[in-house]
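*Asks:* Would you mind keeping the following structure in view while I ask a few things?
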Amino acid sequence: MEQDDPAEALRELREQRLGALELLQLAAGSGLAAYAVWALVLQPGFRRVPLRLQVPYVGASARQVEHVLSLLRGRPGKTVDLGSGDGRIVLAAHRCGLRPAVGYELNPWLVALAQLHAWRAGCAGSVCYRREDLWKVSLRDCHNVSVFLAPSVLPLLEDKLQAELPPGARVVSGRFPLPTWQPVAVVGEGLDRVWAYDVHGGQLSGKAVSCGVPIKASPGPSSTSVPGAPVSQAG
């Protein structure tokens, strides 16, 4: 039976320690990379916003964008996306004829990314992305509003929308419904679901009065109409 070589055993031990050290370095590097993304891409938009109003960025899926447009397509007036992120909803709205289309986003990196997407699509001079706090933007001339925000800020958003939107305006909320408003239409399933709300005479059509404005999205397997609300018909 061969006797173990102490030098060989020591070398193997050092290699094992080196492997553990490499794993530790890899973990530390991943953590630093994640922090860099947060510091450079996400945090700049949060520094000027109170903690209770901060909303993390999660881009809308293609199906979510499609559902938003199904509830806004063909409507006149200014269209805005509050917290527009990389600008995908604004760009899609412009392409389907919702003009002017404006996105409000506080994070400068996301605004730059949205402008890049618009330039690559040949729409750089047609869509508008503004680096502004959505809570300070006036909505008095906005007739179509898209929001994909966290549930924690939606009660405050309701107050702002109610106070500022003109009669006939429509709000489409993605992922989460407005907590106390009654929708006139719901489209999609799960996280792809969006809710439409109409404002008439300073009040909500589903909450106080019936607006009577037809909705363009047609009911189907992924679309439902709300009792007492106008029934959707395909355009």
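Starting from 1 in every chain, residues are counted up; chains themselves are A, B, ... following the order of the structure tokens, and ligands are numbered from 1 as listed.
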Would you return as a list in words the members of range 77-126 of chain A that DSSP assigns to helix (DSSP H, G or I) on this structure's backbone?
*Replies:*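 Reading the DSSP output for range 77-126 of chain A, helix (DSSP H, G or I) covers Arg88, Ile89, Val90, Leu91, Ala92, Ala93, His94, Arg95, Pro108, Trp109, Leu110, Val111, Ala112, Leu113, Ala114, Gln115, Leu116, His117, Ala118, Trp119 and Arg120 of chain A.
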*Asks:* I'd like the contact shell of Cys142 in chain A - 8 Å cut-off, only C-alpha atoms, skipping same-chain residues fewer than 3 positions apart - returned as a list in words.
*Replies:*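 Neighbouring residues, sequence-local ones excluded: Gly77, Lys78, Thr79, Val80, Leu139, Val145, Leu165, Pro166 and Ala169 of chain A.
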*Asks:* Using DSSP assignments from the backbone, pull out every residue in range 75-167 of chain A that falls under strand (DSSP E) and give it to me as a PyMOL selection string.
*Replies:* chain A and resi 78-82+101-104+128-130+142-147
*Asks:* When you count only C-alpha atoms, which of these residues is closest to Val111 in chain A: A:Arg131, A:Arg73, A:Arg63, A:Arg193?
*Replies:* A:Arg131
